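S.K.: Dropping the structure in here first, questions after.
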There are 2 protein chains.
Amino acid sequence: MNEIRLIEVKEDILADNDAAADGLREKLKQKNTFMINLMASPGAGKTSLLLRTIDALKNDLKLAVIEADIDSMVDAEKIAATGIKSVQLRTGGFCHLDVSMVKKGLEAVDTEALDLIFIENVGNLVCPAEFDTGATKDIMILSVPEGDDKPLKYPLMFSKCHVLLVNKIDYLSLSDFNMELLEERVKKLNPDIEIFKVSCKTGEGIDAWAGWLKNAVIKK
Amino acid sequence: MNEIRLIEVKEDILADNDAAADGLREKLKQKNTFMINLMASPGAGKTSLLLRTIDALKNDLKLAVIEADIDSMVDAEKIAATGIKSVQLRTGGFCHLDVSMVKKGLEAVDTEALDLIFIENVGNLVCPAEFDTGATKDIMILSVPEGDDKPLKYPLMFSKCHVLLVNKIDYLSLSDFNMELLEERVKKLNPDIEIFKVSCKTGEGIDAWAGWLKNAVIKK
């Protein structure tokens, strides 16, 4: 029997994407532009968090948002209403963004004139975790109603993010969500992660998060 | 409100892939190598058809097979047992092949020394239809037990293929499959398609298909 050559396509594709992401990250650094990749399940509050964060930072930093959505422009319209430059990537069924898609979004904004670009990734805790977008920092939201067991189910996402925003803390009193247990589970996967507890509804905790982000952008 | 720039990611990604596919097709033509992209549902008989076709052509043409599978090497092992060079692409969950993946497979074979390369795509009638692999010809199999209504459900696949192989015709007597109705539905989508009726189990119809293919490869 002939020898069979085995090629791991997914590993190769991810390695190619990782190399492209490192290249993009370096290029953005040279332009002094900070880019955030925001990931979460559908409905966890990505767009609400962006709106709160834009409101907190728009007087101090030049911002833009790249929205990804399988097939709608609702989120981009909400962002554009704030007066911030907004680009909508319609993925047409793709479940994540990769570097080549992010680059298409960046072509539509003037990266050199911007301090901070937000990417709102497709709502999904699985595939976006695998594809590096070239962002300076990866940020995820977990909302209280999703439950404190999510780090056990989606370990890669929790492992790769620099910041976890626990959103909808206004639901805590109605829920059996165990914040201590969540933090323990997250820190076990990722001891260096920063955790902020926020409510995009009431605004609680937004200042601490926005302050951290502003500081990270200025120090970049 | 700011103007929102809308970018159709999927169309852009497909356009990039189409351009790469045209480049690969031209390169293979210059090397005098014919490449077939074989697509079908899981279980329609892709590997069985390859084994029958290899048997019919291996004395006349220099052949190789690139197998794609989400997570196994079973098909590649069957091909390797015939003495034909076999490469296994393990897609790790990806539901189709694109040009960049096919190129990784081609790196493992000596394209210049080959007359004909078969790609066995991932078992799926949807996504593989969207991604041009750079093959000289796209071939699909529909097996009788799948039913004569499939052109209504997967029109893109039937529209883009150069050849339809209707496999498992040995089941016709047990089935209400209407061959005339199938051909009518297929020709309505794709008037130029070649249709061959085969049974990989009994070998019926294989000579006509293999003869057509050999002729196409020689005339390339």
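We name chains A, B, ... following the order of the structure tokens; residues begin at 1 in each chain, and ligands are numbered from 1 as shown.
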Counting only C-alpha atoms, which residues of chain B come no farther than 9 Å from chain A, as an NGL selection string?

M.R.: :B and (1-13 or 73 or 76-77 or 79-94 or 100-101 or 104-105 or 108)

S.K.: Take the selection from the previous step and output its residues with N, CA and C atoms, as a CSV table (one decimal), in the first residue's frame.

M.R.:
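In the end it all went to result.csv:
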```csv
chain,number,residue,atom,x,y,z
B,1,MET,N,-27.0,61.5,11.2
B,1,MET,CA,-26.4,60.1,11.3
B,1,MET,C,-25.4,60.0,10.2
B,2,ASN,N,-24.3,59.4,10.7
B,2,ASN,CA,-23.2,59.1,9.7
B,2,ASN,C,-23.6,58.1,8.7
B,3,GLU,N,-23.0,58.2,7.5
B,3,GLU,CA,-23.2,57.2,6.5
B,3,GLU,C,-22.5,55.9,6.9
B,4,ILE,N,-23.2,54.8,6.7
B,4,ILE,CA,-22.6,53.5,7.0
B,4,ILE,C,-22.1,52.8,5.8
B,5,ARG,N,-20.8,52.4,5.8
B,5,ARG,CA,-20.3,51.7,4.6
B,5,ARG,C,-20.6,50.2,4.8
B,6,LEU,N,-21.3,49.6,3.8
B,6,LEU,CA,-21.6,48.2,3.9
B,6,LEU,C,-20.7,47.4,3.0
B,7,ILE,N,-20.0,46.4,3.6
B,7,ILE,CA,-19.1,45.5,2.9
B,7,ILE,C,-19.7,44.1,2.9
B,8,GLU,N,-19.9,43.5,1.8
B,8,GLU,CA,-20.4,42.1,1.7
B,8,GLU,C,-19.2,41.2,1.8
B,9,VAL,N,-18.9,40.7,3.0
B,9,VAL,CA,-17.7,39.9,3.2
B,9,VAL,C,-17.7,38.7,2.4
B,10,LYS,N,-18.9,38.0,2.4
B,10,LYS,CA,-18.9,36.7,1.7
B,10,LYS,C,-18.6,36.8,0.2
B,11,GLU,N,-19.2,37.8,-0.4
B,11,GLU,CA,-19.0,38.1,-1.8
B,11,GLU,C,-17.5,38.4,-2.1
B,12,ASP,N,-16.9,39.2,-1.2
B,12,ASP,CA,-15.5,39.5,-1.4
B,12,ASP,C,-14.6,38.3,-1.3
B,13,ILE,N,-14.9,37.4,-0.2
B,13,ILE,CA,-14.1,36.2,0.0
B,13,ILE,C,-14.3,35.3,-1.2
B,73,MET,N,-9.3,9.1,7.9
B,73,MET,CA,-8.4,8.8,6.8
B,73,MET,C,-8.9,7.5,6.1
B,76,ALA,N,-8.8,7.7,2.1
B,76,ALA,CA,-7.5,7.8,1.6
B,76,ALA,C,-6.8,6.4,1.7
B,77,GLU,N,-7.2,5.6,2.7
B,77,GLU,CA,-6.6,4.3,2.8
B,77,GLU,C,-7.1,3.4,1.7
B,79,ILE,N,-8.0,4.3,-1.3
B,79,ILE,CA,-7.4,4.7,-2.5
B,79,ILE,C,-5.9,4.2,-2.5
B,80,ALA,N,-5.2,4.4,-1.4
B,80,ALA,CA,-3.8,4.0,-1.4
B,80,ALA,C,-3.6,2.5,-1.6
B,81,ALA,N,-4.6,1.7,-1.3
B,81,ALA,CA,-4.6,0.3,-1.5
B,81,ALA,C,-4.6,-0.1,-3.0
B,82,THR,N,-5.0,0.8,-3.8
B,82,THR,CA,-5.0,0.6,-5.3
B,82,THR,C,-3.6,0.9,-5.9
B,83,GLY,N,-2.7,1.4,-5.1
B,83,GLY,CA,-1.4,1.8,-5.6
B,83,GLY,C,-1.3,3.2,-6.1
B,84,ILE,N,-2.4,3.9,-6.0
B,84,ILE,CA,-2.4,5.3,-6.5
B,84,ILE,C,-2.0,6.3,-5.4
B,85,LYS,N,-1.2,7.3,-5.8
B,85,LYS,CA,-0.8,8.3,-4.8
B,85,LYS,C,-2.0,9.0,-4.2
B,86,SER,N,-2.0,9.0,-2.9
B,86,SER,CA,-3.2,9.5,-2.2
B,86,SER,C,-2.8,10.5,-1.1
B,87,VAL,N,-3.5,11.7,-1.1
B,87,VAL,CA,-3.2,12.7,0.0
B,87,VAL,C,-4.5,12.9,0.7
B,88,GLN,N,-4.4,12.9,2.1
B,88,GLN,CA,-5.6,13.2,2.9
B,88,GLN,C,-5.5,14.6,3.5
B,89,LEU,N,-6.5,15.4,3.1
B,89,LEU,CA,-6.7,16.7,3.8
B,89,LEU,C,-7.6,16.5,4.9
B,90,ARG,N,-7.2,16.7,6.2
B,90,ARG,CA,-8.1,16.7,7.3
B,90,ARG,C,-8.6,18.1,7.6
B,91,THR,N,-9.9,18.3,7.3
B,91,THR,CA,-10.4,19.7,7.3
B,91,THR,C,-10.7,20.2,8.7
B,92,GLY,N,-10.8,19.3,9.7
B,92,GLY,CA,-11.0,19.7,11.1
B,92,GLY,C,-12.3,20.5,11.3
B,93,GLY,N,-13.3,20.1,10.6
B,93,GLY,CA,-14.6,20.8,10.8
B,93,GLY,C,-15.0,21.7,9.6
B,94,PHE,N,-14.1,22.1,8.8
B,94,PHE,CA,-14.5,22.9,7.6
B,94,PHE,C,-15.4,22.1,6.7
B,100,SER,N,-7.0,27.6,-1.4
B,100,SER,CA,-5.8,27.6,-0.6
B,100,SER,C,-5.6,26.2,0.0
B,101,MET,N,-6.7,25.5,0.3
B,101,MET,CA,-6.6,24.1,0.8
B,101,MET,C,-6.2,23.2,-0.2
B,104,LYS,N,-2.6,23.2,-0.9
B,104,LYS,CA,-1.8,22.5,0.1
B,104,LYS,C,-1.7,21.0,-0.2
B,105,GLY,N,-2.8,20.5,-0.8
B,105,GLY,CA,-2.8,19.1,-1.2
B,105,GLY,C,-1.9,18.9,-2.4
B,108,ALA,N,1.8,18.2,-2.2
B,108,ALA,CA,2.2,16.9,-1.8
B,108,ALA,C,2.3,15.9,-2.9
```

S.K.: Find the residues around region 37-46 of chain B up to 6 Å (only C-alpha atoms counted), leave out those fewer than 6 positions away in its own chain, and share them as a ChimeraX atom specification.

M.R.: /B:119-121,123-125,135,138-141,143

S.K.: What lies within 12 Å of region 181-184 of chain B using only C-alpha atoms, ignoring chain neighbours under 5 positions off, as a list of chain:residue names?

M.R.: B:Leu142, B:Ser143, B:Val144, B:Glu146, B:Gly147, B:Asp148, B:Asp149, B:Lys150, B:Pro151, B:Leu152, B:Phe158, B:Leu164, B:Leu165, B:Val166, B:Asp176, B:Leu189, B:Asn190, B:Pro191, B:Asp192, B:Ile193, B:Glu194, B:Ile195, B:Phe196, B:Lys197

S.K.: Tell me which protein, DNA and RNA residues are within 10 Å of Ala56 (chain B), counting only C-alpha atoms, leaving out same-chain ones fewer than 5 positions away, and put them as a PyMOL selection string.

M.R.: chain B and resi 50-51+61+206-207+209-211+214

S.K.: List every residue of region 14-68 of chain B that DSSP, applied to the backbone of this structure, places in alpha helix (DSSP H), and write the result as an MDAnalysis selection string.

M.R.: chainID B and resid 14:30 46:57

S.K.: Taking into account only C-alpha atoms, which residue in the set A:Ser159, A:Asp115, A:Lys62, A:His96 is nearest to Gln30 (chain A)?

M.R.: A:Asp115

S.K.: Might you pull out every residue within 10 Å of Leu63 (chain A), with only C-alpha atoms counted and same-chain residues fewer than 3 positions away left off, and present them as an mmCIF file with C-alpha atoms, in the first residue's frame?

M.R.:
```cif
data_model
loop_
_atom_site.group_PDB
_atom_site.id
_atom_site.type_symbol
_atom_site.label_atom_id
_atom_site.label_comp_id
_atom_site.auth_asym_id
_atom_site.auth_seq_id
_atom_site.Cartn_x
_atom_site.Cartn_y
_atom_site.Cartn_z
ATOM 1 C CA THR A 33 -3.923 52.680 16.305
ATOM 2 C CA PHE A 34 -5.386 50.402 18.975
ATOM 3 C CA MET A 35 -7.870 47.756 17.845
ATOM 4 C CA ILE A 54 -18.248 55.304 22.877
ATOM 5 C CA LEU A 57 -14.514 57.947 25.357
ATOM 6 C CA LYS A 58 -15.628 59.925 22.327
ATOM 7 C CA ASN A 59 -14.475 63.291 23.666
ATOM 8 C CA ASP A 60 -10.959 62.013 24.351
ATOM 9 C CA GLY A 83 -21.861 60.158 15.047
ATOM 10 C CA ILE A 84 -19.023 57.589 15.094
ATOM 11 C CA LYS A 85 -17.744 56.162 11.818
ATOM 12 C CA SER A 86 -19.328 52.744 11.343
ATOM 13 C CA THR A 111 -6.731 53.976 10.402
ATOM 14 C CA ALA A 113 -6.491 59.225 11.904
ATOM 15 C CA LEU A 114 -7.959 56.926 14.572
ATOM 16 C CA ASP A 115 -6.875 56.136 18.144
ATOM 17 C CA LEU A 116 -9.182 53.188 18.710
ATOM 18 C CA ILE A 117 -11.115 50.833 16.430
ATOM 19 C CA PHE A 118 -13.691 48.416 17.815
#
```

S.K.: How would you write, as a CSV table (one decimal) with C-alpha atoms, in the first residue's frame, the set of residues in region 46-212 of chain A that DSSP gives as strand (DSSP E or B)?

M.R.:
```csv
chain,number,residue,atom,x,y,z
A,63,LEU,CA,-13.0,56.2,17.4
A,64,ALA,CA,-14.5,53.9,14.7
A,65,VAL,CA,-16.5,50.7,14.8
A,66,ILE,CA,-16.4,47.7,12.4
A,67,GLU,CA,-19.6,45.7,12.9
A,68,ALA,CA,-19.9,42.1,11.7
A,69,ASP,CA,-23.3,40.5,11.2
A,85,LYS,CA,-17.7,56.2,11.8
A,86,SER,CA,-19.3,52.7,11.3
A,87,VAL,CA,-18.6,50.0,8.8
A,88,GLN,CA,-20.9,47.0,8.4
A,89,LEU,CA,-19.4,43.7,7.3
A,90,ARG,CA,-22.2,41.4,6.2
A,116,LEU,CA,-9.2,53.2,18.7
A,117,ILE,CA,-11.1,50.8,16.4
A,118,PHE,CA,-13.7,48.4,17.8
A,119,ILE,CA,-14.5,45.2,15.9
A,120,GLU,CA,-17.9,43.7,16.9
A,137,LYS,CA,-6.6,43.2,22.6
A,138,ASP,CA,-9.4,40.5,22.6
A,139,ILE,CA,-12.3,41.4,24.8
A,140,MET,CA,-15.3,39.2,25.7
A,141,ILE,CA,-18.7,39.7,27.3
A,142,LEU,CA,-20.4,37.2,29.4
A,143,SER,CA,-23.9,38.2,30.6
A,163,VAL,CA,-10.5,41.3,29.3
A,164,LEU,CA,-13.8,39.7,30.5
A,165,LEU,CA,-16.8,42.0,30.9
A,166,VAL,CA,-19.5,40.5,33.0
A,167,ASN,CA,-22.6,42.3,31.8
A,194,GLU,CA,-8.9,41.5,33.7
A,195,ILE,CA,-12.5,41.2,34.8
A,196,PHE,CA,-15.0,44.1,34.9
A,197,LYS,CA,-18.5,43.8,36.2
```
